[in-house]
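Q: Below you will find the structure I want to go over with you.
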Amino acid sequence: MSSTKSPLRPNAGTVRRHEIQRLVTSLDRLPRQRGMVIEVAGGIGSGKSRLLAEFAAEAHERDIPVLHARGTAYGQNNPFHVVVAALHSDLVSQRLDHLPTHTAASLRRVLHTPTHLGAADADAGPAQAGSHRLRLLLRHVTHDGLVIILDDMHWADPQSLALIDQLISSPLDVPLLVVIADRPRQAPPQLRESLAHGLVQGTVERIALPALTREQCAELLGMGAEDPRLRDLCRESEGNPLYLLAAAHGGERGTDGPTAHPPSAVPAGHVDDLQNQYAAHLLAEISGLSGVEAQVLHAAAVFAERFDLVAVAAVAELDMRQVCAATDRLVRRDLLRVVDAGVQYSFRHPILRRLAYTESDACRRLRLHRNALAVLVERDAPAAARAPHIEHSFTGENARDAVATLVRAADEVMRSAPRQAGQWLRLAGSLIDRDPGVRDQRTTVLAKTAHALFLEGRPAESRALLEAALAIRSGEGVEDRVRLIKQRTMIDLFLGNHTQAWASLTSEIAAPAQPRSATGILYVLRTVMGVVGSGMWPSSEELRTTLRSAGSGPDGDLEGSALALYGLYEVIAGDRAAGARMIDRCATRLDHIPNDALVDGLEVLPLLAWAEIFLGRFTDAQRHMLRGLGIAFATGQVYLLPIMIDGLCHICLFVGPAAGAEPIIDEAYAIAERIDSDEVRGLTLALKALQTSWNGAHDTGRQLAEQAVAALQPGSLWRVSAALALARATVVADPRRSRMLILDVGRGPDLLNLPAMLRPMCHRMLTVATIAAGDPDAALWAKRARDEVRESELSFQHAQALLAEAEVARFADDPDTASDLYQHAADRLAAADLTLPRTTALLDAAECEAVAGRVDDATKLLVLARELARRSGADTLYRRAEERLAALAWTKGSTEPGAATALSVLTNREREIADLAGTGMRTREIAQVLRLSPRTVDAHLAHIYRKLDLSSRAELAHLVTGLQSGPAPPSSALGLSKCGP
């Protein structure tokens, strides 16, 4: 489910607890420490001042006097400006009053007439004298402890820096703590050298302020950790507190996050909203620039993230030498930074770039954008780089080129920044409305605008736009109209508006004088909506009409869609041979068509894959479904994601995990988050749950399936896959819930709400759940599975019924019958090319053979299962086979005759449980292995103890393992946790 936004309540204190603790620790050392300097290093907005304020408050709480001053750009020419400003305090004045009159007067002159101290002569004697007097003053006023905080020391005057250098190289023998805060990128070489020397000497401690963590960002903003805005805000701010607060208070940001486009592309009003209390700190840096520096900064601000000086000179209409000199100064002030080894430059942060943009005159910006567009056109730059300048400088000339550029730009950023794409497309639409010469582009722009809305997570608005366009443009070209109808239908499929879409398509088909090609497309779309939405199939005659119409259409893939639908219809109607012929024709056709040719008719691939699922051709279905997803990801066509991911869920139920599917699952989930789709989110989680459960991670699979069910609303078309994923994950751990889930989605014990292909497998799961719950009617569910496949020709369905009967036989202590049924099921699964389920059936058969005492037969089955698992890359099943082979080898070589005789009084089920308990397995673990309830396992153990006259599991283990001095058993004997049904 999507997270909710929390109220924004900025934290007034610092969130840098580690750094403040390091500063506070220095106060503990102050009485016994002499002349220590601490550097707090961080860029603008990193939180230095807030950290120092909290530190000062802590010092005051301890009655330690604190003096404070800040360097400024305007004070750099005043000798000792920063240090003297800090010493200008009542505290210093009071302490001077206690000194001899002559000494106090001399030191007061240092404070009240500091400028003469730095007046340099040939040997710089006065400056050195000034430093000596200030050191003397500090020694006299420090007393029992003094803290001096000097902020923004990158602006400090040279004389103050010289004094700091002396305090570092020759610390005063008094309890003085000097805390210096600076921006390392702007710090003068003199300060950097002094601090580096002090670090080596041990008289300087450095506290660097790193980027805030996500948790610190949430705390600073007073925002919930799960707030959907937090991730984008953390990324955009780069963990800088000032940028974070400016961004958070800068108005609605949309879903795109930071982009590579100039600040002119920011939504209207946003740049003005940035002018708040947080942005004021940044504006102060810009306001003091010289004329040429400001011109260069404003010209640079209209470009994308990076720019070069040749382009800036052309845009600003300045001489190259002026631009180079101004840029050097801007780099020294850390407003601009060098990137790409000096070839290009960028602003320190995008927020600073936006502010520089808004600070320039509106008319000047218009000219700058025109100049920038001319530069980019000359360089043949991508459309996405040109579009912002068209947006802010277009005056009506050459509308066709402008529209074409805006559309191409939207295409370039559609997947990564749909909000930006939509903005450019709406601008293109407004140009089309004003200029009759470009109205032939209207349908294209409308369709793309609707697509952008959909990718923003606004599918209802996307559909409404298409509906309005169809109503207004009812008399326009047929091909354009059908294109919009198809896009609307795909959105209806995504939203679940099946009945509404069916009615609309029926109305369109009935329209007079409808061309045959258009009718074919509409028939195909209506059939898809009917089948997917309500299982409502048209007549065979209508399907033949659809196929004929599709064959005459302009799209080669349309006939493929009709073939897949017709083939699926024949299979469900009972004529598998006719259906298979249709599906073979469709598959052959599509397998020879390149991906590019399927972009406009992508629905044919999931239709074909679903037809193959119903034929039991799971490998082909998986291949076609994954191909469809690849095209959908590459082209941004996410309308079909639910039907494709749901298909993969059904395939995974029978086949097991798809090799290499993890990146696809991750991509689908990322799309679900971006468009805020519960349907795609839930189905993706269901698929991941199925894959995880097959790989043996049952607890993780159960957690993912729980999330999937929670994401999909009751009554959702796609809820079946999530419910079955959860039922599969809980069939042993919570069998009654598993049974309830299956019966709920199946609408009763006959499971008539489920497709016929799923019923035998679900009846098998019901059989296993009933056994695990300790209920007596497992055989009834197995009988339903057998009855369900009586008329079926599909091997994989017969295998499910055989597996259900095998479970019943196993539960009834009949390992011989169970083994035969498992092996028969394995043969059926081999015929269906279902390797992983076949491997699992062979492992189950081997366990039954071992329980019956046929160790050699069990070994043969395990060797085959191990080889199949190896070929398939199924590590969990491979390990399971290996462990069982090791257990058989150990049991065969170490069991005493006396132990075997004693154990012969047990039933097969009791012997199976005794073997497992003897290896140290707990009741719950045994229950999971044998698919029994823990209560049933405990009841069997009680019978075992009574028959063997034992009183504890330790005695049972001793009896089962034979000689106490014999070889140790493997980590898991005849049963470990299974992969499930």
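In the structure tokens, chains take the letters A, B, ... in the order shown, each chain's residues start at 1, and ligands count up from 1 in the order shown.
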Just want the 8 Å neighbourhood of Pro459 of chain A, counted on only C-alpha atoms, with same-chain residues fewer than 5 positions away dropped. Output as a PyMOL selection string.
A: chain A and resi 453-454+491+495
Q: Given the selection you just returned, output its residues as a file containing C-alpha atoms, formatted as a compact mmCIF listing (two decimals), in the first residue's frame.
A:
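After the write, part_5.txt holds the following:
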# COMPACT_ATOMS: atom_id res chain seq x y z
CA LEU A 453 -0.35 11.39 -17.04
CA PHE A 454 -0.57 7.62 -16.70
CA ILE A 491 -6.11 2.07 -19.43
CA LEU A 495 -8.08 0.11 -14.03
Q: Could you please write out, as a PyMOL selection string, every residue of segment 331-409 of chain A that DSSP assigns to helix (DSSP H, G or I)?
A: chain A and resi 331-332+340-342+350-359+362-378+383-391+399-409
Q: Separation of atom CA of Asp833 of chain A and atom CA of Ala564 of chain A, in Å?
A: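 Calculated distance between atom CA of Asp833 of chain A and atom CA of Ala564 of chain A is 21.9 Å.
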Q: Measuring between only C-alpha atoms, which one of A:Ala927, A:Ala573, A:Leu373, A:Ala460 shows the shortest distance to Val731 of chain A?
A: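 Of all the options, A:Ala927 lies closest to Val731 of chain A.
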Q: What lies within 9 Å of Arg386 of chain A using only C-alpha atoms, ignoring chain neighbours under 6 positions off, as a ChimeraX atom specification?
A: /A:372-373,376-377,405-406,409
Q: Could you name the residues that touch Ala773 of chain A at 8 Å or less, counting only C-alpha atoms, but leaving out those on the same chain fewer than 2 positions away, as a list in words?
A: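 Counting only the stated atoms, we get Pro735, Arg736, Ala769, Thr770, Ile771, Asp775, Leu932 and Ser933 of chain A.
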Q: Need the shell around segment 679-694 of chain A: protein/DNA/RNA residues with any atom at most 9 Å away, counting only C-alpha atoms. Skip same-chain ones fewer than 2 positions apart. Format as a ChimeraX atom specification?
A: /A:1,494-495,641-642,645-646,648-650,652-653,656-658,661-662,665-666,668-673,676-677,696-713,716,718-719,721-726,728-729,876,979-980
Q: Residues near Arg627 of chain A, anyone? I mean within 12 Å using only C-alpha atoms, not counting same-chain ones fewer than 2 positions away, as a VMD selection string.
A: chain A and resid 590 to 591 593 to 596 598 to 599 602 to 606 608 to 609 620 to 625 629 to 634 644 to 645 648 661 664
Q: Find the residues near segment 797-808 of chain A: any atom within 7 Å, counting only C-alpha atoms, skip ones fewer than 3 places away on the same chain, and give them as a VMD selection string.
A: chain A and resid 760 to 761 764 767 to 768 778 to 779 782 785 to 786 789 794 811 to 812 818 821 to 822 825 828 to 829
Q: Calculated over only C-alpha atoms, which of the candidates A:Ala957, A:Glu219, A:Ser952, A:Lys486 has the smallest distance to Thr919 of chain A?
A: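 Of the candidates, the smallest distance to Thr919 of chain A is held by A:Ala957.
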Q: Find the residue from A:Lys947, A:Arg306, A:Arg231, A:Arg415 that sits nearest to Thr635 of chain A; use only C-alpha atoms when measuring.
A: A:Arg415
